[in-house]
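> Next comes structure.txt, compact mmCIF, N, CA and C atoms:
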# COMPACT_ATOMS: atom_id res chain seq x y z
N LYS A 6 1.47 -18.10 10.47
CA LYS A 6 0.43 -18.58 9.59
C LYS A 6 0.73 -18.19 8.16
N LYS A 7 0.48 -19.11 7.26
CA LYS A 7 0.63 -18.83 5.84
C LYS A 7 -0.76 -18.77 5.23
N LYS A 8 -0.99 -17.76 4.43
CA LYS A 8 -2.25 -17.64 3.72
C LYS A 8 -1.91 -17.38 2.26
N ARG A 9 -2.61 -18.06 1.38
CA ARG A 9 -2.35 -17.89 -0.04
C ARG A 9 -2.56 -16.44 -0.44
N LYS A 10 -1.59 -15.89 -1.18
CA LYS A 10 -1.69 -14.50 -1.61
C LYS A 10 -2.70 -14.36 -2.73
N LYS A 11 -3.40 -13.26 -2.70
CA LYS A 11 -4.36 -12.98 -3.76
C LYS A 11 -3.72 -12.05 -4.79
N ASP A 12 -4.28 -12.04 -5.97
CA ASP A 12 -3.72 -11.22 -7.05
C ASP A 12 -4.02 -9.74 -6.88
N GLY A 13 -5.23 -9.43 -6.44
CA GLY A 13 -5.62 -8.03 -6.27
C GLY A 13 -5.28 -7.53 -4.88
N TRP A 14 -4.48 -6.47 -4.80
CA TRP A 14 -4.04 -5.96 -3.50
C TRP A 14 -4.57 -4.57 -3.20
N LEU A 15 -5.30 -3.97 -4.12
CA LEU A 15 -5.78 -2.60 -3.91
C LEU A 15 -6.76 -2.52 -2.74
N ALA A 16 -6.70 -1.40 -2.01
CA ALA A 16 -7.61 -1.17 -0.89
C ALA A 16 -7.84 0.33 -0.73
N GLU A 17 -9.05 0.68 -0.38
CA GLU A 17 -9.38 2.10 -0.16
C GLU A 17 -8.59 2.64 1.03
N GLY A 18 -8.13 3.89 0.87
CA GLY A 18 -7.45 4.57 1.96
C GLY A 18 -5.95 4.42 2.00
N ILE A 19 -5.38 3.63 1.08
CA ILE A 19 -3.92 3.49 1.09
C ILE A 19 -3.29 4.48 0.10
N VAL A 20 -2.03 4.79 0.36
CA VAL A 20 -1.26 5.65 -0.53
C VAL A 20 -0.52 4.76 -1.53
N VAL A 21 -0.57 5.16 -2.80
CA VAL A 21 0.09 4.42 -3.87
C VAL A 21 0.92 5.38 -4.72
N LYS A 22 1.86 4.80 -5.48
CA LYS A 22 2.67 5.60 -6.40
C LYS A 22 2.40 5.13 -7.81
N ILE A 23 2.25 6.10 -8.73
CA ILE A 23 2.03 5.77 -10.14
C ILE A 23 3.38 5.40 -10.76
N VAL A 24 3.45 4.22 -11.37
CA VAL A 24 4.71 3.74 -11.94
C VAL A 24 4.68 3.59 -13.46
N THR A 25 3.60 4.00 -14.09
CA THR A 25 3.55 3.95 -15.55
C THR A 25 3.96 5.29 -16.12
N LYS A 26 4.72 5.24 -17.21
CA LYS A 26 5.11 6.47 -17.91
C LYS A 26 4.09 6.85 -18.97
N ASP A 27 3.11 5.96 -19.20
CA ASP A 27 2.11 6.16 -20.25
C ASP A 27 1.26 7.41 -20.04
N LEU A 28 1.16 7.89 -18.82
CA LEU A 28 0.32 9.05 -18.52
C LEU A 28 1.08 10.37 -18.64
N GLY A 29 2.38 10.27 -18.90
CA GLY A 29 3.20 11.48 -19.03
C GLY A 29 3.97 11.77 -17.77
N LYS A 30 4.95 12.67 -17.90
CA LYS A 30 5.85 12.95 -16.79
C LYS A 30 5.17 13.64 -15.61
N ASP A 31 4.03 14.30 -15.85
CA ASP A 31 3.32 14.96 -14.75
C ASP A 31 2.76 13.97 -13.74
N PHE A 32 2.49 12.74 -14.19
CA PHE A 32 1.90 11.75 -13.30
C PHE A 32 2.88 10.67 -12.85
N PHE A 33 3.93 10.43 -13.62
CA PHE A 33 4.90 9.38 -13.29
C PHE A 33 5.54 9.67 -11.93
N LYS A 34 5.50 8.68 -11.06
CA LYS A 34 6.03 8.73 -9.68
C LYS A 34 5.22 9.63 -8.75
N SER A 35 4.05 10.09 -9.20
CA SER A 35 3.16 10.86 -8.32
C SER A 35 2.51 9.93 -7.32
N LYS A 36 2.21 10.45 -6.15
CA LYS A 36 1.53 9.66 -5.12
C LYS A 36 0.09 10.11 -5.01
N GLY A 37 -0.76 9.13 -4.70
CA GLY A 37 -2.17 9.42 -4.53
C GLY A 37 -2.78 8.45 -3.53
N VAL A 38 -4.02 8.73 -3.17
CA VAL A 38 -4.73 7.86 -2.24
C VAL A 38 -5.88 7.18 -3.00
N ILE A 39 -6.07 5.90 -2.75
CA ILE A 39 -7.15 5.16 -3.41
C ILE A 39 -8.47 5.53 -2.74
N GLU A 40 -9.38 6.07 -3.55
CA GLU A 40 -10.70 6.45 -3.05
C GLU A 40 -11.73 5.35 -3.27
N GLU A 41 -11.51 4.55 -4.31
CA GLU A 41 -12.48 3.49 -4.64
C GLU A 41 -11.77 2.39 -5.40
N VAL A 42 -12.15 1.15 -5.12
CA VAL A 42 -11.63 -0.01 -5.85
C VAL A 42 -12.79 -0.61 -6.64
N PHE A 43 -12.54 -0.93 -7.90
CA PHE A 43 -13.57 -1.57 -8.72
C PHE A 43 -12.96 -2.69 -9.55
N ASP A 44 -13.73 -3.71 -9.80
CA ASP A 44 -13.31 -4.87 -10.60
C ASP A 44 -11.99 -5.48 -10.11
N THR A 45 -11.74 -5.47 -8.83
CA THR A 45 -10.57 -6.07 -8.18
C THR A 45 -9.24 -5.39 -8.53
N PHE A 46 -9.03 -5.06 -9.80
CA PHE A 46 -7.74 -4.53 -10.23
C PHE A 46 -7.76 -3.06 -10.64
N GLY A 47 -8.89 -2.39 -10.48
CA GLY A 47 -9.00 -0.98 -10.87
C GLY A 47 -9.23 -0.09 -9.67
N ALA A 48 -8.73 1.14 -9.76
CA ALA A 48 -8.88 2.06 -8.63
C ALA A 48 -9.07 3.49 -9.11
N LYS A 49 -9.88 4.22 -8.35
CA LYS A 49 -9.96 5.67 -8.53
C LYS A 49 -8.97 6.27 -7.54
N VAL A 50 -7.97 6.98 -8.08
CA VAL A 50 -6.88 7.52 -7.27
C VAL A 50 -6.94 9.04 -7.29
N LYS A 51 -6.90 9.65 -6.10
CA LYS A 51 -6.84 11.11 -5.99
C LYS A 51 -5.40 11.49 -5.68
N LEU A 52 -4.79 12.26 -6.58
CA LEU A 52 -3.40 12.65 -6.41
C LEU A 52 -3.25 13.58 -5.20
N LEU A 53 -2.21 13.35 -4.42
CA LEU A 53 -2.01 14.11 -3.19
C LEU A 53 -1.64 15.57 -3.44
N LYS A 54 -0.84 15.83 -4.45
CA LYS A 54 -0.38 17.22 -4.70
C LYS A 54 -1.40 18.08 -5.41
N THR A 55 -2.08 17.50 -6.41
CA THR A 55 -2.96 18.32 -7.25
C THR A 55 -4.45 18.11 -6.98
N GLY A 56 -4.80 16.98 -6.36
CA GLY A 56 -6.20 16.68 -6.14
C GLY A 56 -6.90 16.08 -7.36
N LYS A 57 -6.16 15.96 -8.48
CA LYS A 57 -6.75 15.36 -9.68
C LYS A 57 -7.11 13.91 -9.40
N LYS A 58 -8.16 13.43 -10.07
CA LYS A 58 -8.60 12.05 -9.89
C LYS A 58 -8.40 11.28 -11.20
N LEU A 59 -7.86 10.06 -11.06
CA LEU A 59 -7.59 9.20 -12.20
C LEU A 59 -8.12 7.80 -11.93
N LYS A 60 -8.54 7.12 -12.99
CA LYS A 60 -8.87 5.70 -12.88
C LYS A 60 -7.68 4.93 -13.42
N LEU A 61 -7.13 4.06 -12.58
CA LEU A 61 -5.91 3.35 -12.95
C LEU A 61 -6.02 1.87 -12.65
N ASP A 62 -5.28 1.08 -13.42
CA ASP A 62 -5.18 -0.35 -13.17
C ASP A 62 -4.10 -0.60 -12.13
N GLN A 63 -4.25 -1.65 -11.37
CA GLN A 63 -3.27 -2.03 -10.34
C GLN A 63 -1.86 -2.14 -10.93
N SER A 64 -1.74 -2.57 -12.18
CA SER A 64 -0.42 -2.74 -12.79
C SER A 64 0.32 -1.42 -12.98
N HIS A 65 -0.39 -0.31 -12.89
CA HIS A 65 0.22 1.02 -13.04
C HIS A 65 0.57 1.65 -11.70
N LEU A 66 0.39 0.89 -10.63
CA LEU A 66 0.59 1.41 -9.27
C LEU A 66 1.52 0.52 -8.47
N GLU A 67 2.13 1.10 -7.43
CA GLU A 67 2.88 0.30 -6.48
C GLU A 67 2.61 0.82 -5.08
N THR A 68 2.88 -0.03 -4.10
CA THR A 68 2.66 0.35 -2.71
C THR A 68 3.68 1.39 -2.28
N VAL A 69 3.36 2.11 -1.22
CA VAL A 69 4.25 3.13 -0.65
C VAL A 69 4.62 2.69 0.76
N ILE A 70 5.92 2.65 1.03
CA ILE A 70 6.41 2.27 2.35
C ILE A 70 6.66 3.56 3.13
N PRO A 71 5.97 3.76 4.25
CA PRO A 71 6.14 5.01 5.01
C PRO A 71 7.38 4.96 5.89
N SER A 72 7.61 6.03 6.60
CA SER A 72 8.72 6.05 7.56
C SER A 72 8.33 5.24 8.79
N VAL A 73 9.35 4.82 9.53
CA VAL A 73 9.15 4.04 10.76
C VAL A 73 8.24 4.83 11.71
N GLY A 74 7.30 4.10 12.33
CA GLY A 74 6.37 4.72 13.27
C GLY A 74 5.04 5.11 12.66
N ARG A 75 4.92 5.02 11.34
CA ARG A 75 3.68 5.40 10.67
C ARG A 75 2.77 4.17 10.48
N LYS A 76 1.48 4.43 10.25
CA LYS A 76 0.51 3.35 10.09
C LYS A 76 0.48 2.83 8.66
N VAL A 77 0.28 1.52 8.56
CA VAL A 77 0.16 0.83 7.27
C VAL A 77 -1.07 -0.07 7.31
N LEU A 78 -1.50 -0.48 6.13
CA LEU A 78 -2.54 -1.48 5.99
C LEU A 78 -1.89 -2.71 5.39
N VAL A 79 -2.13 -3.87 6.00
CA VAL A 79 -1.61 -5.12 5.46
C VAL A 79 -2.54 -5.55 4.33
N LEU A 80 -1.98 -5.73 3.13
CA LEU A 80 -2.77 -5.98 1.92
C LEU A 80 -2.86 -7.45 1.54
N ASN A 81 -1.98 -8.27 2.09
CA ASN A 81 -1.92 -9.66 1.69
C ASN A 81 -1.34 -10.49 2.82
N GLY A 82 -1.64 -11.78 2.81
CA GLY A 82 -1.07 -12.68 3.81
C GLY A 82 -2.01 -12.92 4.98
N ALA A 83 -1.47 -13.52 6.01
CA ALA A 83 -2.26 -13.95 7.16
C ALA A 83 -2.92 -12.78 7.90
N TYR A 84 -2.32 -11.61 7.85
CA TYR A 84 -2.85 -10.46 8.58
C TYR A 84 -3.53 -9.45 7.66
N GLU A 85 -3.93 -9.90 6.49
CA GLU A 85 -4.60 -9.05 5.50
C GLU A 85 -5.75 -8.27 6.13
N GLY A 86 -5.80 -6.97 5.85
CA GLY A 86 -6.85 -6.11 6.38
C GLY A 86 -6.52 -5.48 7.72
N SER A 87 -5.41 -5.89 8.33
CA SER A 87 -5.01 -5.35 9.63
C SER A 87 -4.31 -4.01 9.47
N ILE A 88 -4.56 -3.13 10.43
CA ILE A 88 -3.82 -1.87 10.51
C ILE A 88 -2.66 -2.13 11.47
N ALA A 89 -1.48 -1.66 11.07
CA ALA A 89 -0.28 -1.92 11.86
C ALA A 89 0.62 -0.69 11.84
N VAL A 90 1.60 -0.69 12.74
CA VAL A 90 2.60 0.37 12.78
C VAL A 90 3.92 -0.22 12.27
N LEU A 91 4.57 0.52 11.38
CA LEU A 91 5.85 0.08 10.84
C LEU A 91 6.93 0.28 11.90
N ASP A 92 7.57 -0.83 12.31
CA ASP A 92 8.60 -0.79 13.34
C ASP A 92 10.01 -0.72 12.76
N LYS A 93 10.22 -1.43 11.64
CA LYS A 93 11.58 -1.55 11.12
C LYS A 93 11.55 -1.89 9.63
N LEU A 94 12.47 -1.27 8.89
CA LEU A 94 12.68 -1.62 7.48
C LEU A 94 13.84 -2.60 7.41
N ASN A 95 13.64 -3.70 6.70
CA ASN A 95 14.68 -4.70 6.49
C ASN A 95 15.11 -4.60 5.03
N VAL A 96 15.95 -3.61 4.74
CA VAL A 96 16.31 -3.27 3.36
C VAL A 96 16.95 -4.43 2.62
N GLU A 97 17.75 -5.24 3.30
CA GLU A 97 18.46 -6.33 2.65
C GLU A 97 17.52 -7.35 2.02
N ASP A 98 16.40 -7.62 2.67
CA ASP A 98 15.47 -8.62 2.12
C ASP A 98 14.12 -8.04 1.73
N PHE A 99 14.07 -6.70 1.53
CA PHE A 99 12.86 -6.03 1.03
C PHE A 99 11.62 -6.38 1.85
N SER A 100 11.78 -6.34 3.17
CA SER A 100 10.65 -6.65 4.05
C SER A 100 10.61 -5.66 5.21
N VAL A 101 9.56 -5.76 6.02
CA VAL A 101 9.38 -4.88 7.17
C VAL A 101 8.98 -5.69 8.40
N THR A 102 9.14 -5.06 9.56
CA THR A 102 8.63 -5.61 10.81
C THR A 102 7.52 -4.67 11.27
N LEU A 103 6.39 -5.24 11.63
CA LEU A 103 5.19 -4.48 12.01
C LEU A 103 4.69 -4.88 13.38
N THR A 104 3.93 -3.98 14.01
CA THR A 104 3.14 -4.34 15.18
C THR A 104 1.69 -4.06 14.84
N ILE A 105 0.86 -5.09 14.93
CA ILE A 105 -0.57 -4.93 14.63
C ILE A 105 -1.17 -3.98 15.67
N SER A 106 -1.92 -2.97 15.20
CA SER A 106 -2.44 -1.96 16.13
C SER A 106 -3.94 -2.01 16.33
N LYS A 107 -4.65 -2.80 15.52
CA LYS A 107 -6.10 -2.93 15.68
C LYS A 107 -6.53 -4.35 15.36
N GLY A 108 -7.60 -4.77 16.02
CA GLY A 108 -8.16 -6.09 15.71
C GLY A 108 -7.77 -7.15 16.71
N ILE A 109 -8.10 -8.38 16.37
CA ILE A 109 -7.92 -9.52 17.27
C ILE A 109 -6.45 -9.79 17.59
N CYS A 110 -5.55 -9.42 16.70
CA CYS A 110 -4.11 -9.67 16.90
C CYS A 110 -3.37 -8.42 17.40
N LYS A 111 -4.10 -7.45 17.94
CA LYS A 111 -3.51 -6.20 18.42
C LYS A 111 -2.33 -6.49 19.34
N GLY A 112 -1.20 -5.79 19.08
CA GLY A 112 -0.01 -5.95 19.89
C GLY A 112 0.98 -6.98 19.37
N ARG A 113 0.55 -7.79 18.42
CA ARG A 113 1.42 -8.85 17.87
C ARG A 113 2.45 -8.23 16.93
N THR A 114 3.70 -8.62 17.08
CA THR A 114 4.77 -8.20 16.18
C THR A 114 4.91 -9.23 15.07
N VAL A 115 4.97 -8.75 13.85
CA VAL A 115 5.08 -9.62 12.68
C VAL A 115 6.34 -9.22 11.91
N GLU A 116 7.21 -10.18 11.68
CA GLU A 116 8.47 -9.92 11.00
C GLU A 116 8.45 -10.45 9.57
N ASP A 117 9.36 -9.95 8.76
CA ASP A 117 9.58 -10.42 7.39
C ASP A 117 8.35 -10.31 6.49
N VAL A 118 7.61 -9.20 6.63
CA VAL A 118 6.47 -8.94 5.75
C VAL A 118 7.01 -8.25 4.50
N PRO A 119 6.80 -8.84 3.30
CA PRO A 119 7.33 -8.24 2.07
C PRO A 119 6.77 -6.83 1.83
N TYR A 120 7.61 -5.97 1.26
CA TYR A 120 7.19 -4.59 0.95
C TYR A 120 5.85 -4.55 0.22
N GLU A 121 5.67 -5.45 -0.75
CA GLU A 121 4.46 -5.39 -1.58
C GLU A 121 3.20 -5.81 -0.83
N ASP A 122 3.34 -6.31 0.37
CA ASP A 122 2.17 -6.75 1.15
C ASP A 122 1.63 -5.68 2.09
N ILE A 123 2.24 -4.50 2.08
CA ILE A 123 1.74 -3.40 2.92
C ILE A 123 1.77 -2.10 2.11
N SER A 124 1.01 -1.12 2.57
CA SER A 124 1.11 0.21 2.00
C SER A 124 0.74 1.22 3.08
N LYS A 125 1.30 2.41 2.94
CA LYS A 125 1.04 3.50 3.87
C LYS A 125 -0.45 3.81 3.90
N LEU A 126 -0.97 4.02 5.11
CA LEU A 126 -2.36 4.45 5.27
C LEU A 126 -2.40 5.96 5.14
N HIS A 127 -3.36 6.46 4.40
CA HIS A 127 -3.49 7.91 4.22
C HIS A 127 -4.01 8.54 5.50
N SER A 128 -3.41 9.65 5.87
CA SER A 128 -3.92 10.43 7.00
C SER A 128 -3.92 11.89 6.59
N ASN A 129 -4.73 12.67 7.22
CA ASN A 129 -4.85 14.09 6.85
C ASN A 129 -3.88 14.98 7.60
N ASP A 130 -2.93 14.40 8.34
CA ASP A 130 -1.99 15.24 9.10
C ASP A 130 -0.73 15.56 8.33
Represent the structure contained in this file as structure tokens.


Amino acid sequence: KKKRKKDGWLAEGIVVKIVTKDLGKDFFKSKGVIEEVFDTFGAKVKLLKTGKKLKLDQSHLETVIPSVGRKVLVLNGAYEGSIAVLDKLNVEDFSVTLTISKGICKGRTVEDVPYEDISKLHSND
């Protein structure tokens, strides 16, 4: 199934990486979890290492691809909103293979999902 991609991909509970240098070297490439999404493109991000909270625009963030076997949230496409397990990284074409782990499509394997359409789900372990 093809579903038109939306511009705003932020979602609560995902891990993101700060990619803007405008905040200084202490924040550049830091990872955090989105605690709140506002105005489609804005997020309150709690940094994983320091616990500091920042309000950032989506353009200052990028998705985080976890290691194989970890849970992700699908942010865009036909399976948007689904929780899945990362099965395989396809480095050559910047995509992943997933198995949906919750919802109506549970157990379905989905191939060739672009990196930017998923992000690591935050867990406390």

> At what distance in Å, to one decimal, does CA of Ile88 in chain A lie from CA of Thr68 in chain A?

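Distance between the two atoms: 14.9 Å.
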
> Which parts of range 24-80 of chain A does DSSP call strand (DSSP E or B) when run on the backbone here, written out as a ChimeraX atom specification?

/A:36-43,47-52,58-62,66-68,76-79

> Please produce a file of those selected residues containing N, CA and C atoms, as an mmCIF file, keeping the file's coordinate frame.


data_model
loop_
_atom_site.group_PDB
_atom_site.id
_atom_site.type_symbol
_atom_site.label_atom_id
_atom_site.label_comp_id
_atom_site.auth_asym_id
_atom_site.auth_seq_id
_atom_site.Cartn_x
_atom_site.Cartn_y
_atom_site.Cartn_z
ATOM 1 N N LYS A 36 2.210 10.450 -6.150
ATOM 2 C CA LYS A 36 1.530 9.660 -5.120
ATOM 3 C C LYS A 36 0.090 10.110 -5.010
ATOM 4 N N GLY A 37 -0.760 9.130 -4.700
ATOM 5 C CA GLY A 37 -2.170 9.420 -4.530
ATOM 6 C C GLY A 37 -2.780 8.450 -3.530
ATOM 7 N N VAL A 38 -4.020 8.730 -3.170
ATOM 8 C CA VAL A 38 -4.730 7.860 -2.240
ATOM 9 C C VAL A 38 -5.880 7.180 -3.000
ATOM 10 N N ILE A 39 -6.070 5.900 -2.750
ATOM 11 C CA ILE A 39 -7.150 5.160 -3.410
ATOM 12 C C ILE A 39 -8.470 5.530 -2.740
ATOM 13 N N GLU A 40 -9.380 6.070 -3.550
ATOM 14 C CA GLU A 40 -10.700 6.450 -3.050
ATOM 15 C C GLU A 40 -11.730 5.350 -3.270
ATOM 16 N N GLU A 41 -11.510 4.550 -4.310
ATOM 17 C CA GLU A 41 -12.480 3.490 -4.640
ATOM 18 C C GLU A 41 -11.770 2.390 -5.400
ATOM 19 N N VAL A 42 -12.150 1.150 -5.120
ATOM 20 C CA VAL A 42 -11.630 -0.010 -5.850
ATOM 21 C C VAL A 42 -12.790 -0.610 -6.640
ATOM 22 N N PHE A 43 -12.540 -0.930 -7.900
ATOM 23 C CA PHE A 43 -13.570 -1.570 -8.720
ATOM 24 C C PHE A 43 -12.960 -2.690 -9.550
ATOM 25 N N GLY A 47 -8.890 -2.390 -10.480
ATOM 26 C CA GLY A 47 -9.000 -0.980 -10.870
ATOM 27 C C GLY A 47 -9.230 -0.090 -9.670
ATOM 28 N N ALA A 48 -8.730 1.140 -9.760
ATOM 29 C CA ALA A 48 -8.880 2.060 -8.630
ATOM 30 C C ALA A 48 -9.070 3.490 -9.110
ATOM 31 N N LYS A 49 -9.880 4.220 -8.350
ATOM 32 C CA LYS A 49 -9.960 5.670 -8.530
ATOM 33 C C LYS A 49 -8.970 6.270 -7.540
ATOM 34 N N VAL A 50 -7.970 6.980 -8.080
ATOM 35 C CA VAL A 50 -6.880 7.520 -7.270
ATOM 36 C C VAL A 50 -6.940 9.040 -7.290
ATOM 37 N N LYS A 51 -6.900 9.650 -6.100
ATOM 38 C CA LYS A 51 -6.840 11.110 -5.990
ATOM 39 C C LYS A 51 -5.400 11.490 -5.680
ATOM 40 N N LEU A 52 -4.790 12.260 -6.580
ATOM 41 C CA LEU A 52 -3.400 12.650 -6.410
ATOM 42 C C LEU A 52 -3.250 13.580 -5.200
ATOM 43 N N LYS A 58 -8.160 13.430 -10.070
ATOM 44 C CA LYS A 58 -8.600 12.050 -9.890
ATOM 45 C C LYS A 58 -8.400 11.280 -11.200
ATOM 46 N N LEU A 59 -7.860 10.060 -11.060
ATOM 47 C CA LEU A 59 -7.590 9.200 -12.200
ATOM 48 C C LEU A 59 -8.120 7.800 -11.930
ATOM 49 N N LYS A 60 -8.540 7.120 -12.990
ATOM 50 C CA LYS A 60 -8.870 5.700 -12.880
ATOM 51 C C LYS A 60 -7.680 4.930 -13.420
ATOM 52 N N LEU A 61 -7.130 4.060 -12.580
ATOM 53 C CA LEU A 61 -5.910 3.350 -12.950
ATOM 54 C C LEU A 61 -6.020 1.870 -12.650
ATOM 55 N N ASP A 62 -5.280 1.080 -13.420
ATOM 56 C CA ASP A 62 -5.180 -0.350 -13.170
ATOM 57 C C ASP A 62 -4.100 -0.600 -12.130
ATOM 58 N N LEU A 66 0.390 0.890 -10.630
ATOM 59 C CA LEU A 66 0.590 1.410 -9.270
ATOM 60 C C LEU A 66 1.520 0.520 -8.470
ATOM 61 N N GLU A 67 2.130 1.100 -7.430
ATOM 62 C CA GLU A 67 2.880 0.300 -6.480
ATOM 63 C C GLU A 67 2.610 0.820 -5.080
ATOM 64 N N THR A 68 2.880 -0.030 -4.100
ATOM 65 C CA THR A 68 2.660 0.350 -2.710
ATOM 66 C C THR A 68 3.680 1.390 -2.280
ATOM 67 N N LYS A 76 1.480 4.430 10.250
ATOM 68 C CA LYS A 76 0.510 3.350 10.090
ATOM 69 C C LYS A 76 0.480 2.830 8.660
ATOM 70 N N VAL A 77 0.280 1.520 8.560
ATOM 71 C CA VAL A 77 0.160 0.830 7.270
ATOM 72 C C VAL A 77 -1.070 -0.070 7.310
ATOM 73 N N LEU A 78 -1.500 -0.480 6.130
ATOM 74 C CA LEU A 78 -2.540 -1.480 5.990
ATOM 75 C C LEU A 78 -1.890 -2.710 5.390
ATOM 76 N N VAL A 79 -2.130 -3.870 6.000
ATOM 77 C CA VAL A 79 -1.610 -5.120 5.460
ATOM 78 C C VAL A 79 -2.540 -5.550 4.330
#

> Ranking A:Val115, A:Ile70, A:Leu78, A:Ala16 by minimum distance to Leu103 in chain A and counting all atoms listed in the file, which one comes first?

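Comparing A:Val115, A:Ile70, A:Leu78, A:Ala16 against Leu103 in chain A, the winner is A:Val115.
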
> Might you pull out every residue within 6.5 Å of Ser87 in chain A, with only N, CA and C atoms counted and same-chain residues fewer than 3 positions away left off, and present them as a VMD selection string?

chain A and resid 77 to 80 84 105 to 107

> Extending 3 Å beyond the listed atoms of range 61-80 of chain A on each side, what axis-aligned box results? I want centre and edge lengths in Å to one decimal, as AutoDock Vina command-line options.


--center_x 1.1 --center_y -0.7 --center_z -0.1 --size_x 22.5 --size_y 19.5 --size_z 32.7

> Please provide the set of residues having any atom within 12 Å of Thr55 in chain A, restricted to only C-alpha atoms, with same-chain residues fewer than 3 positions apart removed, written as a PyMOL selection string.

chain A and resi 31-32+35-38+50-52+58-59

> Using all atoms listed in the file, which protein or nucleic acid residues come within 6 Å of Asn81 in chain A? Drop anything in the same chain fewer than 5 positions from it, and give the result as a short mmCIF file (atom, residue, chain, number, x, y, z; two decimals) with N, CA and C atoms, in the coordinates of the input.


data_model
loop_
_atom_site.label_atom_id
_atom_site.label_comp_id
_atom_site.auth_asym_id
_atom_site.auth_seq_id
_atom_site.Cartn_x
_atom_site.Cartn_y
_atom_site.Cartn_z
N LYS A 10 -1.59 -15.89 -1.18
CA LYS A 10 -1.69 -14.50 -1.61
C LYS A 10 -2.70 -14.36 -2.73
N LYS A 11 -3.40 -13.26 -2.70
CA LYS A 11 -4.36 -12.98 -3.76
C LYS A 11 -3.72 -12.05 -4.79
N GLY A 86 -5.80 -6.97 5.85
CA GLY A 86 -6.85 -6.11 6.38
C GLY A 86 -6.52 -5.48 7.72
N ASP A 122 3.34 -6.31 0.37
CA ASP A 122 2.17 -6.75 1.15
C ASP A 122 1.63 -5.68 2.09
N ILE A 123 2.24 -4.50 2.08
CA ILE A 123 1.74 -3.40 2.92
C ILE A 123 1.77 -2.10 2.11
#

> Using atom N of Gly47 in chain A and CA of Ile109 in chain A as the two end points, give the distance in Å to one decimal.

28.7 Å

> Neighbours of Leu91 in chain A within 5 Å (all atoms listed in the file; same-chain residues fewer than 4 positions away dropped), as a PyMOL selection string?

chain A and resi 73-75+103

> For Asp12 in chain A, which residue among A:Gly82, A:Gly29, A:Pro71, A:Gly56 is the nearest when counting only C-alpha atoms?

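Checking each candidate against Asp12 in chain A, we get A:Gly82 as the closest.
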
> Would you kindly return, as a ChimeraX atom specification, each protein, DNA or RNA residue with an atom no farther than 7 Å from any atom of Lys34 in chain A, considering all atoms listed in the file and excluding same-chain residues fewer than 5 positions away?

/A:22-25

> Between A:Val90, A:Val42, A:Leu126, A:Leu53, single out the one closest to Thr114 in chain A, counting only C-alpha atoms.

A:Val90

> What is the CA of Ser64 in chain A-CA of Leu94 in chain A distance in Å, reported with one decimal?

24.2 Å

> Run DSSP on the backbone and grab whatever in chain A lands in helix (DSSP H, G or I); send it over as an MDAnalysis selection string.

chainID A and resid 63:65 96:98 120:122
